[in-house]
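Single-structure report; data block below.
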Amino acid sequence: MNDTTPHETHDLVVSRDIPAPIEAAWKSWTEPDRVLRWWGPNGFTCTVAELDVRVGGTSLVCMSAPDWGFPALYSTWAYTLVDAPRRLEFIHNIADEHGATIDPATIGAAGIPRDVRHVITFEAIGDDATRLTVTELGYIDPEQLALSKKGLEESLDKLVAIYV
């Protein structure tokens, strides 16, 4: 029997001011060599950033923390909107190393929803400053929402540090 009970969803919103022009902030999300430098929370390194940033394109990213028992955590970003350098929208999913979507429960992450819609906005707040806002929509597990928020905040702090 399928559970058809509607679940309350929660969105997560995190912003950072990046000390860089909007074009550089945009490239931080759209150029592999830049994503490799910051994707993943503290203790993780980004080991794969195969980016296909176009509507209908899908990127494959991987973060790793072998010392913590995470040799490879793959994700896909399937783009639904690319409006350079102002807005990116994609659907995030946990994946295998080939980019095939997998059930998060198979890696012990049952609280991570499938098909998490992401909206990333870039707003110039000066010649050399950009406000980046990341919105992730549709979490149903408050504990996973808190973990995701912590990881996103740490990742974005690493992104800011590239430009400091």
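Going through the structure tokens in order, the chains are called A, B, and so on, while each chain numbers its residues from 1 and the ligands are numbered from 1 in the order shown.
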Counting only C-alpha atoms, which residues in segment 107-160 of chain A sit no more than 10 Å from segment 13-20 of chain A? For each one, give the nearest pair of atoms and the distance in Å, sorted by chain then residue number, as JSON lines.
```
{"residue": "A:His118", "atom": "CA", "partner": "A:Val13", "partner_atom": "CA", "distance": 9.8}
{"residue": "A:Val119", "atom": "CA", "partner": "A:Val13", "partner_atom": "CA", "distance": 9.4}
{"residue": "A:Ile120", "atom": "CA", "partner": "A:Ser15", "partner_atom": "CA", "distance": 9.5}
{"residue": "A:Thr121", "atom": "CA", "partner": "A:Ser15", "partner_atom": "CA", "distance": 9.3}
{"residue": "A:Phe122", "atom": "CA", "partner": "A:Asp17", "partner_atom": "CA", "distance": 9.6}
{"residue": "A:Glu123", "atom": "CA", "partner": "A:Asp17", "partner_atom": "CA", "distance": 9.2}
{"residue": "A:Ala124", "atom": "CA", "partner": "A:Ala20", "partner_atom": "CA", "distance": 9.1}
{"residue": "A:Ile125", "atom": "CA", "partner": "A:Asp17", "partner_atom": "CA", "distance": 8.4}
{"residue": "A:Gly126", "atom": "CA", "partner": "A:Ala20", "partner_atom": "CA", "distance": 8.9}
{"residue": "A:Asp127", "atom": "CA", "partner": "A:Ala20", "partner_atom": "CA", "distance": 7.9}
{"residue": "A:Asp128", "atom": "CA", "partner": "A:Ala20", "partner_atom": "CA", "distance": 4.5}
{"residue": "A:Ala129", "atom": "CA", "partner": "A:Pro19", "partner_atom": "CA", "distance": 4.5}
{"residue": "A:Thr130", "atom": "CA", "partner": "A:Ile18", "partner_atom": "CA", "distance": 5.1}
{"residue": "A:Arg131", "atom": "CA", "partner": "A:Asp17", "partner_atom": "CA", "distance": 4.4}
{"residue": "A:Leu132", "atom": "CA", "partner": "A:Arg16", "partner_atom": "CA", "distance": 5.3}
{"residue": "A:Thr133", "atom": "CA", "partner": "A:Ser15", "partner_atom": "CA", "distance": 4.2}
{"residue": "A:Val134", "atom": "CA", "partner": "A:Val14", "partner_atom": "CA", "distance": 5.4}
{"residue": "A:Thr135", "atom": "CA", "partner": "A:Val13", "partner_atom": "CA", "distance": 4.4}
{"residue": "A:Glu136", "atom": "CA", "partner": "A:Val13", "partner_atom": "CA", "distance": 6.5}
{"residue": "A:Leu137", "atom": "CA", "partner": "A:Val13", "partner_atom": "CA", "distance": 8.7}
{"residue": "A:Lys149", "atom": "CA", "partner": "A:Val14", "partner_atom": "CA", "distance": 7.5}
{"residue": "A:Lys150", "atom": "CA", "partner": "A:Val14", "partner_atom": "CA", "distance": 9.7}
{"residue": "A:Leu152", "atom": "CA", "partner": "A:Val14", "partner_atom": "CA", "distance": 7.5}
{"residue": "A:Glu153", "atom": "CA", "partner": "A:Val14", "partner_atom": "CA", "distance": 6.8}
{"residue": "A:Leu156", "atom": "CA", "partner": "A:Arg16", "partner_atom": "CA", "distance": 7.0}
{"residue": "A:Asp157", "atom": "CA", "partner": "A:Arg16", "partner_atom": "CA", "distance": 7.8}
{"residue": "A:Leu159", "atom": "CA", "partner": "A:Ile18", "partner_atom": "CA", "distance": 8.0}
{"residue": "A:Val160", "atom": "CA", "partner": "A:Ile18", "partner_atom": "CA", "distance": 5.3}
```
Could the residues of segment 74-128 of chain A that have an atom at most 12 Å from segment 42-51 of chain A be listed as a tab-separated table, each with its closest atom pair and the distance in Å to one decimal, counting only C-alpha atoms and ordered by chain and ascending residue number?
```
residue	atom	partner	partner_atom	distance
A:Tyr74	CA	A:Val48	CA	8.4
A:Ser75	CA	A:Val48	CA	9.9
A:Thr76	CA	A:Leu51	CA	9.5
A:Trp77	CA	A:Leu51	CA	8.7
A:Ala78	CA	A:Leu51	CA	10.0
A:Tyr79	CA	A:Leu51	CA	10.4
A:Glu97	CA	A:Val48	CA	9.4
A:His98	CA	A:Glu50	CA	10.9
A:Gly99	CA	A:Glu50	CA	10.1
```
Which residues in segment 24-156 of chain A does DSSP call alpha helix (DSSP H)? List them as number ranges by chain. A: 24-30, 32-38, 142-156
Same residues, C-alpha atoms, output as a PDB file, in the first residue's frame:
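Once written, selection_11.pdb looks like this:
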```pdb
ATOM      1  CA  ALA A  24      33.209  35.232 -11.344  1.00  0.00           C
ATOM      2  CA  ALA A  25      30.538  34.097  -8.881  1.00  0.00           C
ATOM      3  CA  TRP A  26      28.608  32.556 -11.784  1.00  0.00           C
ATOM      4  CA  LYS A  27      31.707  30.681 -12.975  1.00  0.00           C
ATOM      5  CA  SER A  28      32.064  29.226  -9.472  1.00  0.00           C
ATOM      6  CA  TRP A  29      28.963  27.151 -10.243  1.00  0.00           C
ATOM      7  CA  THR A  30      29.502  26.581 -13.961  1.00  0.00           C
ATOM      8  CA  PRO A  32      34.579  22.460 -13.354  1.00  0.00           C
ATOM      9  CA  ASP A  33      37.940  23.730 -12.073  1.00  0.00           C
ATOM     10  CA  ARG A  34      36.115  26.173  -9.791  1.00  0.00           C
ATOM     11  CA  VAL A  35      33.497  23.704  -8.485  1.00  0.00           C
ATOM     12  CA  LEU A  36      36.323  21.294  -7.621  1.00  0.00           C
ATOM     13  CA  ARG A  37      37.714  23.926  -5.245  1.00  0.00           C
ATOM     14  CA  TRP A  38      34.677  24.354  -2.996  1.00  0.00           C
ATOM     15  CA  PRO A 142      13.542  18.248   9.665  1.00  0.00           C
ATOM     16  CA  GLU A 143      16.745  16.439  10.718  1.00  0.00           C
ATOM     17  CA  GLN A 144      17.894  16.078   7.112  1.00  0.00           C
ATOM     18  CA  LEU A 145      16.985  19.709   6.483  1.00  0.00           C
ATOM     19  CA  ALA A 146      19.273  20.760   9.353  1.00  0.00           C
ATOM     20  CA  LEU A 147      22.118  18.531   8.105  1.00  0.00           C
ATOM     21  CA  SER A 148      21.713  19.814   4.557  1.00  0.00           C
ATOM     22  CA  LYS A 149      21.720  23.406   5.783  1.00  0.00           C
ATOM     23  CA  LYS A 150      24.931  22.857   7.749  1.00  0.00           C
ATOM     24  CA  GLY A 151      26.610  21.218   4.748  1.00  0.00           C
ATOM     25  CA  LEU A 152      25.476  23.944   2.366  1.00  0.00           C
ATOM     26  CA  GLU A 153      26.640  26.701   4.708  1.00  0.00           C
ATOM     27  CA  GLU A 154      30.074  25.078   5.025  1.00  0.00           C
ATOM     28  CA  SER A 155      30.318  24.601   1.266  1.00  0.00           C
ATOM     29  CA  LEU A 156      29.423  28.221   0.594  1.00  0.00           C
TER      30      LEU A 156
END
```
Mind giving me the straight-line distance from atom CA of Pro41 of chain A to atom CA of Asp11 of chain A in Å, one decimal?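 So the two atoms, atom CA of Pro41 of chain A and atom CA of Asp11 of chain A, lie 19.0 Å apart.
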Within 7 Å of segment 100-114 of chain A, counting only C-alpha atoms, which residues qualify if same-chain residues fewer than 6 places away don't, as an NGL selection string? :A and (93-94 or 139 or 141 or 144)
Work out how far apart atom CA of Ser64 of chain A and atom CA of Gly40 of chain A are and give it in Å to one decimal.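 Separating atom CA of Ser64 of chain A from atom CA of Gly40 of chain A is a distance of 8.0 Å.
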Extract the full set of strand (DSSP E or B) residues from segment 56-112 of chain A according to DSSP on the backbone, and format it as number ranges by chain. A: 58-65, 70-83, 87-95, 101
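With atom CA of Ile22 of chain A on one side and atom CA of Ala161 of chain A on the other, the separation reads 15.7 Å.
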